[in-house]
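S.K.: Input structure: coords01.txt, which contains compact mmCIF, C-alpha atoms.
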# COMPACT_ATOMS: atom_id res chain seq x y z
CA MET A 13 -19.32 -18.27 -28.87
CA VAL A 14 -20.29 -16.76 -32.24
CA GLN A 15 -20.22 -20.24 -33.79
CA GLU A 16 -22.44 -21.52 -30.98
CA ASN A 17 -24.82 -18.55 -31.46
CA THR A 18 -24.27 -17.41 -27.88
CA PHE A 19 -22.60 -14.13 -28.90
CA ARG A 20 -23.59 -11.69 -31.65
CA GLN A 21 -21.17 -11.60 -34.58
CA ASP A 22 -21.73 -7.90 -35.34
CA LEU A 23 -20.89 -7.05 -31.74
CA LEU A 24 -17.70 -9.11 -31.96
CA PHE A 25 -16.57 -7.11 -35.01
CA ARG A 26 -17.21 -3.84 -33.16
CA ILE A 27 -15.29 -4.99 -30.09
CA GLN A 28 -12.33 -6.10 -32.19
CA THR A 29 -11.81 -2.54 -33.44
CA ILE A 30 -11.06 -1.32 -29.93
CA SER A 31 -7.61 -1.95 -28.53
CA ILE A 32 -6.58 -0.90 -25.04
CA HIS A 33 -2.94 -1.26 -24.04
CA LEU A 34 -2.45 -1.52 -20.30
CA PRO A 35 1.14 -2.07 -19.17
CA PRO A 36 1.73 -4.68 -16.46
CA LEU A 37 1.68 -3.53 -12.85
CA ARG A 38 5.45 -4.09 -12.53
CA ASP A 39 5.88 -1.21 -15.01
CA ARG A 40 3.48 1.05 -13.08
CA LYS A 41 4.99 1.02 -9.57
CA ASP A 42 3.37 4.37 -8.71
CA ASP A 43 -0.06 2.78 -9.18
CA VAL A 44 0.58 0.10 -6.54
CA ARG A 45 0.09 2.54 -3.64
CA GLU A 46 -3.02 4.15 -5.11
CA ILE A 47 -4.67 0.84 -6.00
CA SER A 48 -3.81 -0.53 -2.55
CA LEU A 49 -5.20 2.49 -0.70
CA HIS A 50 -8.41 2.41 -2.71
CA HIS A 51 -8.93 -1.32 -2.21
CA LEU A 52 -8.07 -1.33 1.51
CA ASN A 53 -10.32 1.67 2.24
CA LYS A 54 -13.14 0.06 0.28
CA THR A 55 -12.65 -3.25 2.11
CA CYS A 56 -12.68 -1.52 5.51
CA LYS A 57 -15.84 0.38 4.60
CA ILE A 58 -17.66 -2.75 3.40
CA SER A 59 -16.64 -4.79 6.45
CA GLY A 60 -17.41 -1.94 8.86
CA GLU A 61 -13.86 -1.87 10.23
CA PRO A 62 -12.00 1.35 10.99
CA THR A 63 -9.59 2.50 8.29
CA LYS A 64 -6.17 0.91 8.72
CA GLY A 65 -2.96 2.85 9.12
CA PHE A 66 0.20 1.93 7.25
CA ALA A 67 3.82 1.64 8.27
CA PRO A 68 6.05 3.72 5.96
CA ASP A 69 7.77 0.64 4.55
CA PHE A 70 4.50 -1.23 3.83
CA PHE A 71 4.03 0.43 0.44
CA GLU A 72 7.77 0.36 -0.28
CA THR A 73 7.72 -3.42 0.13
CA LEU A 74 4.67 -3.72 -2.14
CA ALA A 75 6.38 -1.60 -4.81
CA LEU A 76 9.50 -3.79 -4.79
CA TYR A 77 7.52 -6.90 -5.78
CA ASN A 78 7.14 -7.70 -9.51
CA TRP A 79 3.40 -8.60 -9.42
CA PRO A 80 3.38 -11.33 -12.08
CA GLY A 81 -0.38 -11.71 -11.47
CA ASN A 82 -0.88 -7.96 -11.96
CA VAL A 83 -3.74 -6.16 -10.21
CA ARG A 84 -5.63 -9.37 -9.43
CA GLU A 85 -2.64 -10.71 -7.46
CA LEU A 86 -2.27 -7.37 -5.65
CA LEU A 87 -5.95 -7.32 -4.63
CA ASN A 88 -5.86 -10.95 -3.47
CA THR A 89 -2.71 -10.20 -1.46
CA LEU A 90 -4.37 -7.19 0.16
CA ASP A 91 -7.41 -9.29 1.08
CA LYS A 92 -5.10 -11.81 2.75
CA VAL A 93 -3.26 -9.01 4.55
CA MET A 94 -6.56 -7.68 5.90
CA SER A 95 -7.56 -11.10 7.22
CA ASP A 96 -4.11 -11.73 8.74
CA ALA A 97 -3.96 -8.30 10.39
CA PHE A 98 -7.50 -8.78 11.70
CA ASP A 99 -8.03 -6.05 14.30
CA GLU A 100 -4.54 -4.52 14.24
CA PRO A 101 -4.88 -0.82 13.42
CA THR A 102 -1.67 -0.60 11.37
CA LEU A 103 -0.46 -2.73 8.46
CA PHE A 104 3.23 -3.62 8.43
CA PRO A 105 5.37 -5.51 5.91
CA ARG A 106 5.24 -8.49 8.30
CA HIS A 107 1.58 -8.89 7.31
CA LEU A 108 2.59 -9.47 3.68
CA PRO A 109 3.20 -12.98 2.34
CA THR A 110 6.74 -14.30 2.70
CA LYS A 111 7.41 -14.44 -1.05
CA ILE A 112 6.75 -10.70 -1.37
CA ARG A 113 8.99 -9.82 1.58
CA VAL A 114 11.74 -12.12 0.29
CA GLN A 115 11.68 -10.60 -3.21
CA ALA A 116 11.71 -7.08 -1.76
CA ALA A 117 14.68 -7.93 0.49
CA ARG A 118 16.59 -9.49 -2.42
CA ARG A 119 16.00 -6.44 -4.60
CA GLN A 120 17.19 -4.13 -1.84
CA VAL A 121 20.32 -6.21 -1.23
CA LYS A 122 21.09 -6.26 -4.95
CA GLY A 123 20.50 -2.54 -5.10
CA THR A 124 17.60 -2.86 -7.53
CA GLY A 125 15.09 -1.58 -5.03
CA LYS A 126 16.10 2.02 -5.70
CA PRO A 127 16.15 4.02 -8.91
CA LYS A 128 19.47 3.62 -10.75
CA ASP A 129 20.63 7.12 -9.90
CA GLN A 130 20.26 6.36 -6.17
CA GLN A 131 21.94 2.93 -6.19
CA SER A 132 25.27 2.60 -4.47
CA THR A 133 27.99 0.03 -4.89
CA THR A 134 27.79 -0.93 -1.21
CA THR A 135 24.66 -1.68 0.70
CA PRO A 136 24.66 -0.32 4.25
CA LYS A 137 23.61 -2.82 6.90
CA LEU A 138 21.89 -0.18 9.02
CA LYS A 139 19.96 2.94 8.22
CA PRO A 140 20.80 6.17 9.99
CA MET A 141 19.33 6.35 13.49
CA GLN A 142 17.04 9.24 12.53
CA ASP A 143 15.30 7.00 9.97
CA TYR A 144 14.40 4.53 12.72
CA LEU A 145 13.17 7.34 14.96
CA ASP A 146 11.07 8.79 12.12
CA GLU A 147 9.53 5.36 11.44
CA ALA A 148 8.72 4.90 15.14
CA LYS A 149 7.11 8.35 15.31
CA THR A 150 5.06 7.63 12.19
CA ILE A 151 3.83 4.32 13.61
CA TYR A 152 2.99 6.01 16.93
CA LEU A 153 1.02 8.77 15.21
CA VAL A 154 -0.90 6.31 13.02
CA ASP A 155 -1.76 4.19 16.06
CA LEU A 156 -2.67 7.30 18.09
CA MET A 157 -5.04 8.60 15.42
CA THR A 158 -6.57 5.16 14.88
CA HIS A 159 -7.05 4.65 18.63
CA THR A 160 -8.70 8.06 19.06
CA LYS A 161 -10.71 7.69 15.84
CA ASN A 162 -9.03 10.83 14.44
CA ASP A 163 -10.33 12.99 17.31
CA ILE A 164 -7.65 15.66 17.68
CA ARG A 165 -8.74 16.66 21.20
CA ALA A 166 -8.59 13.04 22.41
CA ALA A 167 -5.24 12.52 20.63
CA CYS A 168 -3.81 15.56 22.43
CA THR A 169 -5.05 14.23 25.78
CA VAL A 170 -3.64 10.73 25.21
CA SER A 171 -0.29 11.88 23.81
CA GLY A 172 0.24 14.91 26.05
CA LEU A 173 1.01 17.02 22.96
CA SER A 174 -0.37 20.46 22.30
CA ARG A 175 -2.79 20.79 19.41
CA SER A 176 -0.33 22.81 17.30
CA HIS A 177 2.53 20.36 17.95
CA LEU A 178 0.29 17.40 17.07
CA TYR A 179 -0.75 19.05 13.80
CA GLN A 180 2.90 19.82 13.06
CA LEU A 181 3.88 16.16 13.60
CA LEU A 182 0.93 14.83 11.57
CA LYS A 183 1.97 17.04 8.68
CA LYS A 184 5.70 16.26 8.99
CA TYR A 185 5.16 12.48 9.03
CA ASN A 186 2.37 12.58 6.45
CA VAL A 187 -0.19 10.96 8.72
CA LEU A 188 -3.54 11.95 7.31
CA THR A 189 -6.60 12.15 9.50
CA GLN A 190 -9.83 11.04 7.89
CA LYS A 191 -13.33 11.42 9.24
In structure tokens, write the structure found in this file.

M.R.:
Amino acid sequence: MVQENTFRQDLLFRIQTISIHLPPLRDRKDDVREISLHHLNKTCKISGEPTKGFAPDFFETLALYNWPGNVRELLNTLDKVMSDAFDEPTLFPRHLPTKIRVQAARRQVKGTGKPKDQQSTTTPKLKPMQDYLDEAKTIYLVDLMTHTKNDIRAACTVSGLSRSHLYQLLKKYNVLTQK
């Protein structure tokens, strides 16, 4: 562009002095959740949709994928998830593209889905029953709060729970209410 006189040469020299190293997304697994939450909330706000809830294993599945296309691939995937989920209030791993779910499943089977200190030599076929119950409760609470638009009084009426018990469950299962 400098040779074509469409970019200033002095500006090019100044830009070349700055170097920013940004590791690939596969090396920043903790960022996947934060980037996803930010993008999905922004997308919901722009489109006028209510904020989506998330199944506990939604972000786990995202974190198990290698993201060869980095943040751009993640954002494109999230846009596709939003269009596929349409008016469903909660996003589940089933909304993710098959290639992401397959890679996550393979990594879990190989034992590479967990940190090395947590990996075991045998992979259990089933999780403990309490894990399934906790997941079901989390999904219920997310759906309840989405359905009632985070109105605690309405959520208590629909669920039959007392206000203090509902708050206790929301805290225990990390279901945040946003207004």

S.K.: Quick one: pull the distance between CA of Arg175 (chain A) and CA of Asp146 (chain A), Å, one decimal.

M.R.: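 Atom-to-atom, CA of Arg175 (chain A) to CA of Asp146 (chain A), that is 19.7 Å.
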
S.K.: Just checking: using only C-alpha atoms, which residue out of A:Leu145, A:Leu76, A:Leu34, A:Ala67 ends up closest to His107 (chain A)?

M.R.: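 Between A:Leu145, A:Leu76, A:Leu34, A:Ala67, the residue approaching His107 (chain A) most closely is A:Ala67.
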
S.K.: Show me, as a list in words, the residues that have an atom within 12 Å of region 35-38 of chain A when counting only C-alpha atoms, minus same-chain residues fewer than 5 positions from it.

M.R.: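 Surrounding residues, per the criterion: Asp43, Val44, Arg45, Glu46, Ile47, Leu74, Ala75, Leu76, Tyr77, Asn78, Trp79, Pro80, Gly81, Asn82, Val83, Arg84, Glu85, Leu86 and Leu87 of chain A.
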
S.K.: Any chance you can output those residues with C-alpha atoms as an mmCIF file, in the coordinates of the input?

M.R.:
data_model
loop_
_atom_site.group_PDB
_atom_site.id
_atom_site.type_symbol
_atom_site.label_atom_id
_atom_site.label_comp_id
_atom_site.auth_asym_id
_atom_site.auth_seq_id
_atom_site.Cartn_x
_atom_site.Cartn_y
_atom_site.Cartn_z
ATOM 1 C CA ASP A 43 -0.060 2.780 -9.180
ATOM 2 C CA VAL A 44 0.580 0.100 -6.540
ATOM 3 C CA ARG A 45 0.090 2.540 -3.640
ATOM 4 C CA GLU A 46 -3.020 4.150 -5.110
ATOM 5 C CA ILE A 47 -4.670 0.840 -6.000
ATOM 6 C CA LEU A 74 4.670 -3.720 -2.140
ATOM 7 C CA ALA A 75 6.380 -1.600 -4.810
ATOM 8 C CA LEU A 76 9.500 -3.790 -4.790
ATOM 9 C CA TYR A 77 7.520 -6.900 -5.780
ATOM 10 C CA ASN A 78 7.140 -7.700 -9.510
ATOM 11 C CA TRP A 79 3.400 -8.600 -9.420
ATOM 12 C CA PRO A 80 3.380 -11.330 -12.080
ATOM 13 C CA GLY A 81 -0.380 -11.710 -11.470
ATOM 14 C CA ASN A 82 -0.880 -7.960 -11.960
ATOM 15 C CA VAL A 83 -3.740 -6.160 -10.210
ATOM 16 C CA ARG A 84 -5.630 -9.370 -9.430
ATOM 17 C CA GLU A 85 -2.640 -10.710 -7.460
ATOM 18 C CA LEU A 86 -2.270 -7.370 -5.650
ATOM 19 C CA LEU A 87 -5.950 -7.320 -4.630
#

S.K.: Just to confirm, what's the straight-line distance from CA of Thr63 (chain A) to CA of Pro101 (chain A) in Å (one decimal)?

M.R.: 7.7 Å

S.K.: Restricting the calculation to all atoms listed in the file, which member of A:Ala148, A:Phe71, A:Ser174, A:Gln180 is positioned closest to Lys41 (chain A)?

M.R.: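 Using all atoms listed in the file, Lys41 (chain A) sits closest to A:Phe71.
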
S.K.: Using all atoms listed in the file, find the one residue out of A:Arg26, A:Glu72, A:Phe66, A:Asp91 that sits nearest to Phe104 (chain A).

M.R.: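 Using all atoms listed in the file, Phe104 (chain A) sits closest to A:Phe66.
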
S.K.: To one decimal place in Å, what is the distance between CA of Cys56 (chain A) and CA of Lys161 (chain A)?

M.R.: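 Calculated distance between CA of Cys56 (chain A) and CA of Lys161 (chain A) is 14.0 Å.
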
S.K.: Report the centre and edge lengths, in Å to one decimal, of an axis-aligned box enclosing every atom of region 152-160 of chain A listed in the file, padded by 8 Å on each side, as AutoDock Vina command-line options.

M.R.:
--center_x -2.9 --center_y 6.5 --center_z 16.0 --size_x 27.7 --size_y 20.6 --size_z 22.0

S.K.: Out of A:Thr73, A:Thr102, A:Ser176, A:Asn88, which residue has the shortest atom-to-atom distance to Leu156 (chain A) when counting all atoms listed in the file?

M.R.: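 The shortest atom-to-atom distance to Leu156 (chain A) comes from A:Thr102.
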
S.K.: When you count all atoms listed in the file, which of these residues is closest to Thr158 (chain A): A:Leu90, A:Leu23, A:Ile112, A:Leu188?

M.R.: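 Selected residue with least distance to Thr158 (chain A): A:Leu188.
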
S.K.: Write out as an MDAnalysis selection string the residues lying within 12 Å of Leu178 (chain A), counting only C-alpha atoms and excluding same-chain residues fewer than 5 positions away.

M.R.: chainID A and resid 149:150 152:154 156:157 162:173 183:189

S.K.: In terms of the shortest atom-to-atom distance over all atoms listed in the file, which of A:Arg40, A:Lys54, A:Lys64, A:His33 is closest to Ile151 (chain A)?

M.R.: A:Lys64
